[in-house]
file data.tsv (TSV, C-alpha atoms and all ligand atoms)
chain	number	residue	atom	x	y	z
A	21	MET	CA	128.20	131.84	126.82
A	22	THR	CA	129.04	135.05	125.02
A	23	ARG	CA	126.64	137.65	123.78
A	24	THR	CA	128.27	140.44	121.85
A	25	LEU	CA	126.68	143.60	120.49
A	26	VAL	CA	128.62	146.02	118.34
A	27	LEU	CA	127.12	149.39	118.95
A	28	ALA	CA	127.85	152.94	117.90
A	29	ALA	CA	127.34	156.36	119.42
A	30	ALA	CA	126.57	158.65	116.48
A	31	GLN	CA	127.48	162.08	117.80
A	32	LEU	CA	126.12	165.13	116.00
A	33	GLY	CA	127.83	168.47	115.82
A	34	PRO	CA	125.77	171.67	115.91
A	35	VAL	CA	122.43	171.96	114.12
A	36	ALA	CA	121.57	175.52	113.11
A	37	ARG	CA	118.14	177.00	113.87
A	38	ASP	CA	117.34	177.18	110.17
A	39	GLU	CA	118.87	173.83	109.12
A	40	PRO	CA	116.11	171.76	107.49
A	41	LYS	CA	115.31	168.41	109.09
A	42	ALA	CA	116.04	166.77	105.74
A	43	SER	CA	119.62	168.02	105.95
A	44	VAL	CA	120.07	166.72	109.52
A	45	VAL	CA	118.62	163.36	108.50
A	46	GLU	CA	121.08	163.24	105.59
A	47	ARG	CA	123.93	163.75	108.08
A	48	MET	CA	122.47	161.00	110.27
A	49	VAL	CA	122.19	158.59	107.34
A	50	GLY	CA	125.89	159.24	106.66
A	51	LEU	CA	126.74	158.41	110.28
A	52	LEU	CA	124.55	155.31	110.13
A	53	ARG	CA	126.45	154.05	107.07
A	54	ARG	CA	129.80	154.71	108.73
A	55	ALA	CA	128.67	152.81	111.83
A	56	HIS	CA	127.43	149.93	109.67
A	57	ARG	CA	130.77	149.74	107.81
A	58	ARG	CA	132.44	149.39	111.20
A	59	GLY	CA	130.19	146.48	112.15
A	60	ALA	CA	127.60	148.19	114.35
A	61	THR	CA	124.09	146.75	114.51
A	62	LEU	CA	122.76	149.39	116.91
A	63	VAL	CA	123.40	153.13	116.55
A	64	ALA	CA	122.51	155.68	119.24
A	65	PHE	CA	121.67	159.25	118.17
A	66	PRO	CA	121.42	162.28	120.50
A	67	GLU	CA	118.54	163.98	122.31
A	68	LEU	CA	116.39	166.27	120.08
A	69	ALA	CA	118.59	165.13	117.22
A	70	LEU	CA	116.51	166.49	114.35
A	71	THR	CA	116.65	170.16	115.27
A	72	THR	CA	118.68	172.76	117.04
A	73	PHE	CA	118.26	172.70	120.84
A	74	PHE	CA	115.27	175.07	120.62
A	75	PRO	CA	114.57	175.29	124.41
A	76	ARG	CA	117.34	177.92	124.44
A	77	TRP	CA	114.81	180.44	123.06
A	78	TRP	CA	111.53	181.78	124.44
A	79	VAL	CA	108.77	181.85	121.85
A	80	GLU	CA	105.13	182.73	122.42
A	81	PRO	CA	102.67	181.22	121.85
A	82	LEU	CA	104.05	177.72	122.28
A	83	SER	CA	102.46	176.71	118.97
A	84	ALA	CA	104.97	178.99	117.22
A	85	ALA	CA	107.49	176.20	117.90
A	86	ASP	CA	105.36	173.41	116.43
A	87	HIS	CA	107.71	172.96	113.48
A	88	PHE	CA	110.39	171.67	115.89
A	89	TYR	CA	108.12	168.75	116.91
A	90	GLU	CA	107.25	165.44	115.21
A	91	THR	CA	103.62	164.36	115.10
A	92	GLU	CA	104.45	160.88	113.78
A	93	MET	CA	107.44	158.57	113.98
A	94	PRO	CA	108.52	157.75	111.39
A	95	GLY	CA	107.22	160.84	109.62
A	96	PRO	CA	108.06	162.55	106.37
A	97	ALA	CA	111.39	163.92	107.65
A	98	THR	CA	112.62	160.73	109.31
A	99	GLU	CA	111.41	158.17	106.75
A	100	PRO	CA	114.78	158.16	104.87
A	101	LEU	CA	116.61	157.29	108.10
A	102	PHE	CA	114.21	154.43	108.89
A	103	ALA	CA	114.44	153.14	105.30
A	104	GLU	CA	118.25	153.16	105.17
A	105	ALA	CA	118.54	151.59	108.62
A	106	ALA	CA	116.16	148.77	107.62
A	107	ARG	CA	118.04	148.28	104.33
A	108	LEU	CA	121.33	147.96	106.23
A	109	GLY	CA	119.76	145.88	109.01
A	110	VAL	CA	120.90	148.37	111.64
A	111	GLY	CA	118.76	149.42	114.61
A	112	PHE	CA	118.95	152.84	116.23
A	113	SER	CA	117.74	155.09	119.01
A	114	LEU	CA	116.61	158.61	118.16
A	115	GLY	CA	115.72	161.57	120.33
A	116	TYR	CA	113.11	164.05	119.10
A	117	ALA	CA	110.42	166.47	120.23
A	118	GLU	CA	107.06	164.68	120.22
A	119	LEU	CA	103.67	166.38	119.76
A	120	THR	CA	100.90	163.85	120.32
A	121	PRO	CA	97.51	163.91	118.52
A	122	ASP	CA	95.88	165.14	121.75
A	123	GLY	CA	98.35	167.99	122.16
A	124	HIS	CA	100.90	166.66	124.66
A	125	ARG	CA	104.54	167.59	124.20
A	126	TYR	CA	107.33	165.28	125.31
A	127	ASN	CA	111.09	165.06	124.97
A	128	THR	CA	111.11	161.56	123.54
A	129	GLN	CA	113.50	158.82	122.40
A	130	VAL	CA	112.50	155.78	120.35
A	131	LEU	CA	114.30	152.48	119.92
A	132	VAL	CA	114.02	151.07	116.42
A	133	GLY	CA	114.77	147.43	115.59
A	134	ARG	CA	116.91	146.14	112.73
A	135	ASP	CA	113.75	145.71	110.68
A	136	GLY	CA	112.87	149.40	110.95
A	137	GLN	CA	109.99	148.88	113.41
A	138	VAL	CA	109.71	150.97	116.58
A	139	VAL	CA	110.42	148.65	119.53
A	140	ALA	CA	110.09	151.09	122.40
A	141	ARG	CA	109.40	154.71	123.25
A	142	TYR	CA	110.71	156.63	126.27
A	143	ARG	CA	109.56	160.10	127.37
A	144	LYS	CA	112.04	162.12	129.45
A	145	VAL	CA	111.29	161.95	133.17
A	146	HIS	CA	113.60	164.68	134.59
A	147	LEU	CA	113.04	168.03	132.88
A	148	PRO	CA	115.74	170.55	133.84
A	149	GLY	CA	115.76	174.33	133.53
A	150	HIS	CA	112.80	176.68	133.94
A	151	GLU	CA	109.17	177.32	132.91
A	152	THR	CA	109.18	180.96	131.84
A	153	GLU	CA	111.58	183.37	130.19
A	154	GLU	CA	114.45	184.50	132.43
A	155	PRO	CA	115.93	187.50	130.62
A	156	TRP	CA	119.06	187.64	132.82
A	157	ARG	CA	120.34	184.43	131.23
A	158	PRO	CA	122.64	184.62	128.19
A	159	PHE	CA	120.50	181.79	126.77
A	160	GLN	CA	117.39	180.04	128.04
A	161	HIS	CA	116.89	176.43	129.14
A	162	LEU	CA	113.11	176.20	128.76
A	163	GLU	CA	112.54	172.44	128.73
A	164	ARG	CA	109.91	172.94	131.43
A	165	TYR	CA	108.01	175.25	129.07
A	166	TYR	CA	108.30	173.13	125.95
A	167	PHE	CA	107.69	169.67	127.45
A	168	GLU	CA	105.61	167.82	130.01
A	169	PRO	CA	107.39	165.30	132.24
A	170	GLY	CA	107.16	161.79	130.84
A	171	PRO	CA	104.27	159.95	132.53
A	172	ASP	CA	105.46	156.41	131.82
A	173	GLY	CA	108.65	156.16	133.88
A	174	PHE	CA	111.69	154.14	132.90
A	175	GLY	CA	111.30	151.00	130.82
A	176	VAL	CA	113.56	148.09	129.95
A	177	TRP	CA	112.92	146.14	126.76
A	178	ASP	CA	114.18	142.86	125.28
A	179	ALA	CA	115.86	143.92	122.05
A	180	PHE	CA	119.14	143.34	120.23
A	181	GLY	CA	119.69	140.22	122.34
A	182	ALA	CA	119.89	142.41	125.45
A	183	ARG	CA	117.81	144.09	128.17
A	184	VAL	CA	117.82	147.65	126.82
A	185	GLY	CA	116.83	150.78	128.73
A	186	MET	CA	116.68	154.42	127.72
A	187	MET	CA	117.10	157.77	129.39
A	188	ILE	CA	117.57	161.31	128.13
A	189	CYS	CA	120.20	163.86	129.11
A	190	ASN	CA	119.37	165.23	132.57
A	191	ASP	CA	118.10	161.77	133.61
A	192	ARG	CA	121.74	160.64	133.64
A	193	ARG	CA	122.53	162.87	136.62
A	194	TRP	CA	120.00	161.08	138.86
A	195	PRO	CA	120.98	157.71	140.39
A	196	GLU	CA	117.28	156.78	140.57
A	197	SER	CA	117.12	156.58	136.75
A	198	TYR	CA	119.76	153.88	136.58
A	199	ARG	CA	118.56	152.02	139.66
A	200	VAL	CA	114.96	151.68	138.45
A	201	MET	CA	116.30	150.14	135.25
A	202	GLY	CA	118.92	148.17	137.19
A	203	LEU	CA	116.14	146.54	139.20
A	204	ALA	CA	114.57	145.47	135.90
A	205	GLY	CA	117.82	143.79	134.87
A	206	VAL	CA	119.04	146.38	132.39
A	207	GLU	CA	122.20	145.46	130.45
A	208	LEU	CA	122.51	148.48	128.16
A	209	ILE	CA	121.27	152.06	128.63
A	210	LEU	CA	121.09	154.45	125.67
A	211	CYS	CA	121.24	158.13	126.58
A	212	GLY	CA	121.22	161.11	124.22
A	213	TYR	CA	122.12	164.57	125.51
A	214	ASN	CA	122.47	168.32	124.83
A	215	THR	CA	124.51	169.84	127.65
A	216	PRO	CA	125.59	173.48	127.52
A	217	VAL	CA	129.05	173.96	129.02
A	218	HIS	CA	127.95	177.23	130.63
A	219	TYR	CA	125.52	176.81	133.54
A	220	PRO	CA	124.18	180.31	134.26
A	221	PRO	CA	122.80	179.62	137.81
A	222	ASP	CA	126.32	178.60	138.98
A	223	PRO	CA	129.14	179.22	136.48
A	224	SER	CA	131.67	177.64	138.87
A	225	GLN	CA	130.36	174.34	137.48
A	226	ASP	CA	131.34	175.21	133.89
A	227	ALA	CA	134.92	173.94	134.14
A	228	LEU	CA	133.58	170.63	135.46
A	229	ALA	CA	130.92	170.02	132.79
A	230	GLY	CA	132.91	167.29	131.04
A	231	PHE	CA	133.96	165.71	134.32
A	232	HIS	CA	130.38	165.61	135.60
A	233	ASN	CA	129.18	164.14	132.31
A	234	GLN	CA	131.47	161.16	132.67
A	235	LEU	CA	131.22	160.92	136.45
A	236	VAL	CA	127.49	160.25	136.50
A	237	MET	CA	127.44	157.78	133.62
A	238	GLN	CA	130.46	155.85	134.87
A	239	ALA	CA	128.92	155.62	138.36
A	240	GLY	CA	125.53	154.55	136.99
A	241	ALA	CA	127.10	151.87	134.81
A	242	TYR	CA	129.23	150.39	137.59
A	243	GLN	CA	126.62	150.54	140.35
A	244	ASN	CA	124.09	148.70	138.19
A	245	GLY	CA	126.39	146.41	136.21
A	246	THR	CA	125.27	147.82	132.87
A	247	TRP	CA	126.68	149.24	129.66
A	248	VAL	CA	125.89	152.92	129.17
A	249	VAL	CA	126.11	154.78	125.87
A	250	GLY	CA	126.09	158.56	126.11
A	251	VAL	CA	125.71	160.42	122.85
A	252	ALA	CA	125.93	164.16	122.44
A	253	LYS	CA	124.84	166.90	120.17
A	254	GLY	CA	127.99	168.84	120.88
A	255	GLY	CA	129.97	171.85	119.78
A	256	VAL	CA	129.01	175.50	119.38
A	257	GLU	CA	125.37	175.62	118.29
A	258	GLU	CA	123.84	179.06	117.75
A	259	GLY	CA	126.57	180.55	119.94
A	260	VAL	CA	126.17	178.05	122.80
A	261	ASP	CA	128.97	175.57	123.41
A	262	SER	CA	127.80	172.08	124.40
A	263	VAL	CA	129.64	169.11	125.86
A	264	ALA	CA	130.59	166.52	123.24
A	265	GLN	CA	132.52	163.59	124.76
A	266	SER	CA	130.12	160.89	123.50
A	267	CYS	CA	131.22	157.61	125.01
A	268	VAL	CA	130.60	153.96	125.64
A	269	ILE	CA	131.00	152.84	129.26
A	270	ALA	CA	131.38	149.24	130.38
A	271	PRO	CA	129.70	147.68	133.45
A	272	SER	CA	133.07	148.08	135.19
A	273	GLY	CA	132.63	151.84	134.91
A	274	GLN	CA	135.48	152.11	132.41
A	275	VAL	CA	135.13	154.30	129.33
A	276	VAL	CA	135.95	151.94	126.46
A	277	ALA	CA	135.38	154.35	123.55
A	278	GLN	CA	135.04	158.10	123.32
A	279	ALA	CA	134.57	160.81	120.69
A	280	VAL	CA	137.60	162.97	120.02
A	281	SER	CA	135.78	165.83	118.28
A	282	ALA	CA	132.77	168.06	118.91
A	283	GLY	CA	131.33	167.39	115.46
A	284	ASP	CA	129.61	164.59	113.56
A	285	GLU	CA	131.51	161.48	114.64
A	286	VAL	CA	130.93	157.75	115.05
A	287	VAL	CA	132.27	155.93	118.10
A	288	VAL	CA	132.09	152.13	117.97
A	289	ALA	CA	132.51	149.55	120.72
A	290	GLU	CA	132.14	145.79	120.90
A	291	CYS	CA	130.07	145.10	124.00
A	292	ASP	CA	130.13	141.83	125.89
A	293	LEU	CA	126.59	141.70	127.27
A	294	GLU	CA	127.58	139.09	129.86
A	295	TRP	CA	130.03	141.46	131.52
A	296	GLY	CA	127.34	143.06	133.69
A	297	ALA	CA	126.39	139.72	135.24
A	298	ARG	CA	129.74	139.64	137.05
A	299	TYR	CA	128.75	142.74	138.98
A	300	LYS	CA	125.09	141.79	139.36
A	301	ALA	CA	126.04	138.40	140.81
A	302	THR	CA	128.68	139.65	143.23
A	303	LEU	CA	129.22	143.12	144.70
A	304	PHE	CA	125.88	144.40	143.38
A	305	ASP	CA	123.76	141.31	144.03
A	306	PHE	CA	120.66	143.43	144.68
A	307	ALA	CA	118.53	140.63	146.11
A	308	ARG	CA	121.20	139.71	148.64
A	309	TYR	CA	122.55	143.07	149.71
A	310	ARG	CA	120.05	145.88	149.11
A	311	ARG	CA	118.04	147.19	152.08
A	312	PRO	CA	114.93	148.74	150.48
A	313	GLU	CA	113.28	149.10	153.89
A	314	MET	CA	116.03	151.65	154.64
A	315	TYR	CA	115.39	153.65	151.49
A	316	ALA	CA	111.76	154.70	152.02
A	317	ALA	CA	112.66	158.41	151.82
A	318	ILE	CA	113.74	157.89	148.21
A	319	THR	CA	110.12	157.53	147.12
A	320	GLU	CA	108.34	159.29	149.99
A	321	VAL	CA	110.23	162.59	150.00
A	322	ARG	CA	110.84	164.70	146.92
A	323	GLY	CA	113.47	167.09	148.20
A	401	LIG	N1	119.14	168.60	127.88
A	401	LIG	C1	119.43	168.58	129.18
A	401	LIG	O1	118.76	167.91	129.95
A	401	LIG	N2	120.45	169.33	129.59
A	401	LIG	C2	120.84	169.52	130.96
A	401	LIG	C3	121.51	170.83	131.08
A	401	LIG	C4	121.71	171.27	132.47
A	401	LIG	S1	120.32	171.90	133.26
A	401	LIG	C5	120.04	173.43	132.59
A	401	LIG	C6	121.76	168.42	131.47
A	401	LIG	O2	121.51	167.91	132.57
A	401	LIG	O3	122.76	168.12	130.83
call {"tool": "encode", "arguments": {"input": "data.tsv", "output": "structure tokens"}}
result
Amino acid sequence: MTRTLVLAAAQLGPVARDEPKASVVERMVGLLRRAHRRGATLVAFPELALTTFFPRWWVEPLSAADHFYETEMPGPATEPLFAEAARLGVGFSLGYAELTPDGHRYNTQVLVGRDGQVVARYRKVHLPGHETEEPWRPFQHLERYYFEPGPDGFGVWDAFGARVGMMICNDRRWPESYRVMGLAGVELILCGYNTPVHYPPDPSQDALAGFHNQLVMQAGAYQNGTWVVGVAKGGVEEGVDSVAQSCVIAPSGQVVAQAVSAGDEVVVAECDLEWGARYKATLFDFARYRRPEMYAAITEVRG
């Protein structure tokens, strides 16, 4: 039996602080059409795709940043993307800042089916960076100020003929993210990211930013027998250079497609969804080989 999904990573280049959402959505519709022309039926967009990566600035009060958030999905800004995707019969994942009716703020990603209906919603579990302004930094990473940690955990959904999971940026550095989804039989993980090349707490890591990006996603794919799509908002945005390198990784851990630029770019791969079963049924036969009784510290101890 073969199950094939043609999917695309729709990388975005920089989004300026004053770029209107309508303009970003227009760029995304262009990428969607390019992906569709190349046969894709699922297109992955980056984390916080609709705006600049605003956690790099401290603003007070928090409500002064409300315009960066979406209160409905689809909403007025994103409706054209949903409409064009449904017209083309292409599904997509989209990262955005969510402000709920009762005032909660999450770093969120939705999965939208080929009919334009939201299939699933994931709220970022691992929030990196800091809670308050740290003036010594050349730029801030205030995700812990702007967002609450996602309360729902990691999900896996039946969609696009596959078991689809989602994670967002920093989640990809934690093996627990992949393993929780691996235990639910995930076959494809969609992950948007914004990753500054410069890491102020330890600049010795800067030269390794691209290496670490691939290292974690390749390991997560292989160790859980799953496809992983990593999609960046890359390039120099408001003076901050971010890792691009959007890629599609097979359950073997091999990178099968990768962006060559740091701008708007579509990367397409034909994914055999049965490939993961070879790993899940052999080397990584969880039911046969895992020793959960030996892993208690994973859930009992935080650090
Ligand atoms: N967006 C996001 O999660 N970025 C982090 C940056 C490093 S922590 C300041 C990442 O893990 O890529």
call {"tool": "residues_near_ligand", "arguments": {"input": "data.tsv", "ligand": "ligand LIG 401 (chain A)", "cutoff": "7 Å", "atoms": "only C-alpha atoms and all ligand atoms", "output": "list in words"}}
result
Leu147, Pro148, Gly149, His161, Ile188, Cys189, Asn190, Arg193, Tyr213, Asn214, Thr215, Pro216 and Tyr219 of chain A
call {"tool": "residues_near_point", "arguments": {"input": "data.tsv", "point": "(99.4, 166.9, 120.8)", "cutoff": "12 Å", "atoms": "all atoms listed in the file", "output": "number ranges by chain"}}
result
A: 82-83, 86, 89-92, 117-126, 167-168
call {"tool": "residues_around", "arguments": {"input": "data.tsv", "residues": "Pro271 in chain A", "least_positions_apart": "3", "cutoff": "8 Å", "atoms": "all atoms listed in the file", "output": "NGL selection string"}}
result
:A and (241-242 or 244-248 or 274 or 295-296 or 299)
call {"tool": "residues_near_point", "arguments": {"input": "data.tsv", "point": "(123.3, 184.2, 127.0)", "cutoff": "9 Å", "atoms": "all atoms listed in the file", "output": "ChimeraX atom specification"}}
result
/A:155-160,220,259-260
call {"tool": "closest_residue", "arguments": {"input": "data.tsv", "among": "A:Thr22, A:Gln129, A:Thr72, A:Ser281", "to": "Met93 in chain A", "atoms": "all atoms listed in the file"}}
result
A:Gln129
call {"tool": "atom_distance", "arguments": {"input": "data.tsv", "atom1": "CA of Glu258 in chain A", "atom2": "CA of Arg37 in chain A"}}
result
7.2 Å
call {"tool": "residues_around", "arguments": {"input": "data.tsv", "residues": "Asp226 in chain A", "least_positions_apart": "3", "cutoff": "12 Å", "atoms": "all atoms listed in the file", "output": "PDB file with C-alpha atoms, in the coordinates of the input"}}
result
ATOM      1  CA  THR A 215     124.510 169.840 127.650  1.00  0.00           C
ATOM      2  CA  PRO A 216     125.590 173.480 127.520  1.00  0.00           C
ATOM      3  CA  VAL A 217     129.050 173.960 129.020  1.00  0.00           C
ATOM      4  CA  HIS A 218     127.950 177.230 130.630  1.00  0.00           C
ATOM      5  CA  TYR A 219     125.520 176.810 133.540  1.00  0.00           C
ATOM      6  CA  PRO A 220     124.180 180.310 134.260  1.00  0.00           C
ATOM      7  CA  PRO A 221     122.800 179.620 137.810  1.00  0.00           C
ATOM      8  CA  ASP A 222     126.320 178.600 138.980  1.00  0.00           C
ATOM      9  CA  PRO A 223     129.140 179.220 136.480  1.00  0.00           C
ATOM     10  CA  ALA A 229     130.920 170.020 132.790  1.00  0.00           C
ATOM     11  CA  GLY A 230     132.910 167.290 131.040  1.00  0.00           C
ATOM     12  CA  PHE A 231     133.960 165.710 134.320  1.00  0.00           C
ATOM     13  CA  HIS A 232     130.380 165.610 135.600  1.00  0.00           C
ATOM     14  CA  ASN A 233     129.180 164.140 132.310  1.00  0.00           C
ATOM     15  CA  ASP A 261     128.970 175.570 123.410  1.00  0.00           C
ATOM     16  CA  SER A 262     127.800 172.080 124.400  1.00  0.00           C
ATOM     17  CA  VAL A 263     129.640 169.110 125.860  1.00  0.00           C
TER      18      VAL A 263
END
call {"tool": "atom_distance", "arguments": {"input": "data.tsv", "atom1": "CA of Val287 in chain A", "atom2": "CA of Arg199 in chain A"}}
result
25.8 Å
call {"tool": "atom_distance", "arguments": {"input": "data.tsv", "atom1": "CA of Gly173 in chain A", "atom2": "CA of Met187 in chain A"}}
result
9.7 Å
call {"tool": "residues_around", "arguments": {"input": "data.tsv", "residues": "range 57-60 of chain A", "least_positions_apart": "6", "cutoff": "6 Å", "atoms": "only C-alpha atoms", "output": "list of chain:residue names"}}
result
A:Val26, A:Leu27, A:Ala28
call {"tool": "residues_around", "arguments": {"input": "data.tsv", "residues": "Gly133 in chain A", "least_positions_apart": "4", "cutoff": "8 Å", "atoms": "all atoms listed in the file", "output": "list in words"}}
result
Val110, Gly111, Phe112, Gln137, Val138, Val139, Ala179 and Phe180 of chain A
call {"tool": "closest_atom_pairs", "arguments": {"input": "data.tsv", "of": "range 179-296 of chain A", "to": "range 44-47 of chain A", "cutoff": "12 Å", "atoms": "all atoms listed in the file", "output": "Markdown table"}}
result
| residue | atom | partner | partner_atom | distance |
| --- | --- | --- | --- | --- |
| A:Lys253 | CA | A:Val44 | CA | 11.7 |
| A:Gly283 | CA | A:Arg47 | CA | 11.1 |
| A:Asp284 | CA | A:Arg47 | CA | 7.9 |
| A:Glu285 | CA | A:Arg47 | CA | 10.3 |
| A:Val286 | CA | A:Arg47 | CA | 11.6 |
call {"tool": "closest_residue", "arguments": {"input": "data.tsv", "among": "A:Glu151, A:Glu99, A:Glu294, A:Asp172", "to": "Thr128 in chain A", "atoms": "only C-alpha atoms"}}
result
A:Asp172
call {"tool": "residues_around", "arguments": {"input": "data.tsv", "residues": "Trp78 in chain A", "least_positions_apart": "6", "cutoff": "8 Å", "atoms": "all atoms listed in the file", "output": "ChimeraX atom specification"}}
result
/A:152-153,160,162
call {"tool": "closest_residue", "arguments": {"input": "data.tsv", "among": "A:Ala42, A:Val268, A:Val79, A:Val276", "to": "Val63 in chain A", "atoms": "all atoms listed in the file"}}
result
A:Val268
call {"tool": "closest_residue", "arguments": {"input": "data.tsv", "among": "A:Ala103, A:Cys291, A:Leu228, A:Val256", "to": "Leu62 in chain A", "atoms": "all atoms listed in the file"}}
result
A:Cys291
call {"tool": "closest_residue", "arguments": {"input": "data.tsv", "among": "A:Met186, A:His150, A:Phe74, A:Val176", "to": "Gly115 in chain A", "atoms": "only C-alpha atoms"}}
result
A:Met186
call {"tool": "closest_residue", "arguments": {"input": "data.tsv", "among": "A:Arg164, A:Arg311, A:Arg183, A:Arg192", "to": "Arg76 in chain A", "atoms": "all atoms listed in the file"}}
result
A:Arg164
